[in-house]
$ cat query-v3.cif   # mmCIF, C-alpha atoms
data_model
#
loop_
_atom_site.label_atom_id
_atom_site.label_comp_id
_atom_site.auth_asym_id
_atom_site.auth_seq_id
_atom_site.Cartn_x
_atom_site.Cartn_y
_atom_site.Cartn_z
CA MET A 1 -35.89 4.03 3.37
CA ALA A 2 -34.65 0.49 2.73
CA VAL A 3 -30.99 -0.53 2.74
CA THR A 4 -29.69 -3.15 0.31
CA CYS A 5 -26.15 -4.51 0.84
CA PHE A 6 -23.80 -6.11 -1.66
CA THR A 7 -20.31 -7.47 -1.05
CA GLN A 8 -17.56 -8.06 -3.58
CA GLU A 9 -14.08 -9.54 -3.25
CA PHE A 10 -11.09 -9.23 -5.49
CA LYS A 11 -7.94 -11.33 -4.94
CA THR A 12 -4.56 -10.14 -6.12
CA ALA A 13 -0.88 -11.00 -5.72
CA ILE A 14 -0.18 -7.34 -4.87
CA ALA A 15 0.55 -6.52 -1.21
CA PRO A 16 -2.40 -4.90 0.62
CA SER A 17 -0.46 -1.74 1.53
CA ARG A 18 0.38 -1.08 -2.15
CA MET A 19 -3.22 -1.60 -3.27
CA PHE A 20 -4.47 0.72 -0.48
CA ARG A 21 -1.99 3.47 -1.35
CA ALA A 22 -2.78 3.23 -5.08
CA LEU A 23 -6.57 2.85 -4.90
CA ILE A 24 -7.34 4.96 -1.83
CA LEU A 25 -4.57 7.38 -0.87
CA ASP A 26 -3.31 8.34 -4.34
CA SER A 27 -6.24 7.45 -6.61
CA HIS A 28 -6.69 11.10 -7.58
CA ASN A 29 -3.25 11.03 -9.23
CA LEU A 30 -2.99 7.43 -10.42
CA ILE A 31 -6.41 6.55 -11.85
CA PRO A 32 -6.68 9.35 -14.46
CA LYS A 33 -3.14 8.48 -15.57
CA ILE A 34 -3.76 4.73 -16.07
CA ALA A 35 -7.45 4.81 -17.06
CA PRO A 36 -7.90 8.05 -19.06
CA GLN A 37 -10.44 6.40 -21.36
CA GLY A 38 -12.85 6.22 -18.41
CA ILE A 39 -11.77 8.88 -15.92
CA LYS A 40 -10.66 12.36 -16.93
CA SER A 41 -9.71 13.61 -13.47
CA ILE A 42 -10.26 13.18 -9.73
CA GLU A 43 -9.93 16.18 -7.47
CA PHE A 44 -10.53 17.14 -3.88
CA ILE A 45 -13.11 19.91 -3.75
CA GLN A 46 -13.01 19.96 0.05
CA GLY A 47 -10.31 18.74 2.44
CA ASP A 48 -7.00 16.97 1.84
CA GLY A 49 -8.01 13.31 1.69
CA GLY A 50 -8.83 12.71 5.33
CA ALA A 51 -12.24 12.13 6.90
CA GLY A 52 -14.72 14.78 5.77
CA SER A 53 -12.96 15.41 2.45
CA ILE A 54 -15.06 15.49 -0.69
CA LYS A 55 -13.65 14.04 -3.88
CA GLN A 56 -15.10 14.67 -7.34
CA THR A 57 -14.51 12.15 -10.14
CA ASN A 58 -14.86 13.57 -13.65
CA PHE A 59 -15.54 10.93 -16.29
CA ALA A 60 -14.33 10.86 -19.88
CA ASP A 61 -16.72 12.20 -22.51
CA GLY A 62 -19.34 9.84 -23.89
CA GLY A 63 -20.06 7.95 -20.67
CA HIS A 64 -23.27 7.57 -18.68
CA LEU A 65 -22.08 10.01 -15.98
CA LYS A 66 -20.16 13.27 -16.32
CA TRP A 67 -19.14 13.50 -12.65
CA LEU A 68 -19.88 12.22 -9.17
CA LYS A 69 -18.88 13.17 -5.65
CA HIS A 70 -17.88 11.03 -2.67
CA ARG A 71 -17.38 12.09 0.94
CA ILE A 72 -14.66 10.26 2.85
CA ASP A 73 -16.28 9.20 6.12
CA SER A 74 -13.29 7.46 7.70
CA ILE A 75 -9.86 6.27 6.66
CA ASP A 76 -7.52 4.01 8.64
CA VAL A 77 -4.08 3.75 7.04
CA GLU A 78 -2.90 1.18 9.58
CA LYS A 79 -5.84 -1.19 9.13
CA LEU A 80 -6.08 -0.39 5.38
CA VAL A 81 -9.79 0.48 5.54
CA CYS A 82 -11.68 3.34 3.96
CA LYS A 83 -15.37 4.19 4.28
CA TYR A 84 -16.91 6.74 1.94
CA THR A 85 -20.34 7.86 0.76
CA PHE A 86 -21.62 8.66 -2.73
CA ILE A 87 -23.30 12.04 -2.22
CA GLU A 88 -23.99 13.66 -5.59
CA SER A 89 -23.87 13.22 -9.37
CA ASP A 90 -24.72 15.13 -12.53
CA ILE A 91 -27.71 12.85 -13.08
CA ALA A 92 -30.49 11.90 -10.69
CA PHE A 93 -30.80 8.27 -9.69
CA ASP A 94 -34.40 7.14 -9.66
CA LYS A 95 -34.04 4.53 -6.90
CA ILE A 96 -30.94 5.46 -4.89
CA GLU A 97 -30.83 8.02 -2.08
CA SER A 98 -27.14 7.41 -1.24
CA VAL A 99 -24.51 4.66 -1.22
CA VAL A 100 -22.06 3.95 1.61
CA TYR A 101 -18.96 1.96 0.69
CA GLU A 102 -16.41 0.26 2.90
CA VAL A 103 -13.22 -1.00 1.28
CA LYS A 104 -10.78 -3.25 3.16
CA PHE A 105 -7.46 -4.62 2.00
CA GLU A 106 -6.51 -7.78 3.91
CA ALA A 107 -3.30 -9.79 3.63
CA SER A 108 -3.61 -13.23 2.08
CA SER A 109 -1.39 -16.22 2.87
CA ASP A 110 0.43 -15.95 -0.47
CA GLY A 111 1.75 -12.43 0.20
CA GLY A 112 -0.98 -10.74 -1.83
CA CYS A 113 -4.29 -9.46 -0.61
CA VAL A 114 -8.04 -9.73 -0.72
CA CYS A 115 -9.82 -6.44 -1.47
CA LYS A 116 -13.28 -6.51 0.10
CA MET A 117 -15.90 -3.93 -0.79
CA THR A 118 -19.23 -3.67 0.97
CA SER A 119 -21.83 -1.37 -0.59
CA GLU A 120 -24.91 -0.19 1.32
CA TYR A 121 -27.48 1.19 -1.07
CA HIS A 122 -29.98 3.45 0.68
CA VAL A 123 -33.04 3.10 -1.54
CA LYS A 124 -35.83 5.65 -1.81
CA ALA A 125 -39.02 4.80 0.07
CA GLY A 126 -41.28 2.29 -1.62
CA LEU A 127 -38.70 1.19 -4.17
CA GLU A 128 -36.64 -2.00 -4.49
CA LEU A 129 -33.09 -2.36 -5.77
CA LYS A 130 -31.97 -5.53 -7.49
CA GLU A 131 -28.40 -6.56 -8.17
CA GLU A 132 -28.89 -6.13 -11.94
CA ASP A 133 -29.77 -2.47 -11.27
CA ILE A 134 -26.23 -1.82 -10.11
CA LYS A 135 -24.32 -4.44 -12.10
CA GLN A 136 -22.71 -1.94 -14.50
CA GLY A 137 -21.26 0.13 -11.64
CA LYS A 138 -20.01 -2.97 -9.81
CA ASP A 139 -18.37 -4.27 -12.99
CA LYS A 140 -16.65 -0.92 -13.62
CA ALA A 141 -15.32 -0.85 -10.04
CA MET A 142 -13.88 -4.35 -10.41
CA GLY A 143 -12.40 -3.38 -13.78
CA LEU A 144 -10.66 -0.45 -12.12
CA TYR A 145 -9.17 -2.74 -9.45
CA LYS A 146 -7.84 -4.94 -12.26
CA VAL A 147 -6.26 -1.96 -14.08
CA VAL A 148 -4.53 -0.88 -10.85
CA GLU A 149 -3.35 -4.46 -10.24
CA GLU A 150 -1.86 -4.60 -13.76
CA TYR A 151 -0.13 -1.25 -13.26
CA LEU A 152 1.37 -2.31 -9.91
CA THR A 153 2.50 -5.65 -11.36
CA ALA A 154 4.24 -3.87 -14.25
CA ASN A 155 5.73 -1.25 -11.88
CA PRO A 156 6.92 -3.13 -8.77
CA GLU A 157 8.56 0.01 -7.32
CA ALA A 158 5.31 1.99 -7.43
CA TYR A 159 3.74 2.49 -3.98
CA ALA A 160 6.27 0.07 -2.45
#

$ encode --input "query-v3.cif" --output "structure tokens"
Amino acid sequence: MAVTCFTQEFKTAIAPSRMFRALILDSHNLIPKIAPQGIKSIEFIQGDGGAGSIKQTNFADGGHLKWLKHRIDSIDVEKLVCKYTFIESDIAFDKIESVVYEVKFEASSDGGCVCKMTSEYHVKAGLELKEEDIKQGKDKAMGLYKVVEEYLTANPEAYA
């Protein structure tokens, strides 16, 4: 099985601790509220949000996916780092065995932060994954970061 890695960065004026709390610790409450056109609900089907927990994201009707599940592999609230693995979906992926994500929120010199996401795509034997194969998912993830940034900018007391 081959592993293909991609890295993305997103810069924001929002403090790293606020972004981490909104996108990682409380995403199951916040995201369906601010992005209901894309995400219907997010729920823990195992655990309470710590390592080993399994989170199911249920998408709004009419999308490519109905649901997907992630397992939280590790979470460090002091270093603002979360590592999780895509483990299951309602549709089969023809090339992907699993995906391991690591998200870091680092302080920037202007008081904001840089959100860094590394994605390790574990590709089925004999197949190759190109960036265009996963572009839609990457674009949606970055769009979600932007929606959270806009919400936190408009609500400075949220997650402060």

$ closest_residue --input "query-v3.cif" --among "A:Phe93, A:Tyr151, A:Tyr84, A:Trp67" --to "A:Ser119" --atoms "all atoms listed in the file"
A:Tyr84

$ atom_distance --input "query-v3.cif" --atom1 "atom CA of A:Ala22" --atom2 "atom CA of A:Val148"
7.3 Å

$ closest_atom_pairs --input "query-v3.cif" --of "stretch 13-129 of chain A" --to "stretch 152-158 of chain A" --cutoff "12 Å" --atoms "only C-alpha atoms" --output "Markdown table"
| residue | atom | partner | partner_atom | distance |
| --- | --- | --- | --- | --- |
| A:Ala13 | CA | A:Thr153 | CA | 8.5 |
| A:Ile14 | CA | A:Thr153 | CA | 7.2 |
| A:Ala15 | CA | A:Leu152 | CA | 9.7 |
| A:Pro16 | CA | A:Leu152 | CA | 11.5 |
| A:Ser17 | CA | A:Ala158 | CA | 11.3 |
| A:Arg18 | CA | A:Ala158 | CA | 7.8 |
| A:Met19 | CA | A:Leu152 | CA | 8.1 |
| A:Phe20 | CA | A:Leu152 | CA | 11.5 |
| A:Arg21 | CA | A:Ala158 | CA | 9.6 |
| A:Ala22 | CA | A:Leu152 | CA | 8.4 |
| A:Leu23 | CA | A:Leu152 | CA | 10.7 |
| A:Asp26 | CA | A:Ala158 | CA | 11.1 |
| A:Leu30 | CA | A:Ala158 | CA | 10.4 |
| A:Ile31 | CA | A:Leu152 | CA | 11.9 |
| A:Ile34 | CA | A:Leu152 | CA | 10.7 |
| A:Gly112 | CA | A:Thr153 | CA | 11.4 |

$ atom_distance --input "query-v3.cif" --atom1 "atom CA of A:Lys116" --atom2 "atom CA of A:Lys130"
20.2 Å

$ resolve_selection --input "query-v3.cif" --expression "the PyMOL selection byres ((chain A and resi 125) around 9)" --output "JSON, numbers by chain"
{"A": [1, 2, 95, 123, 124, 126, 127, 128]}
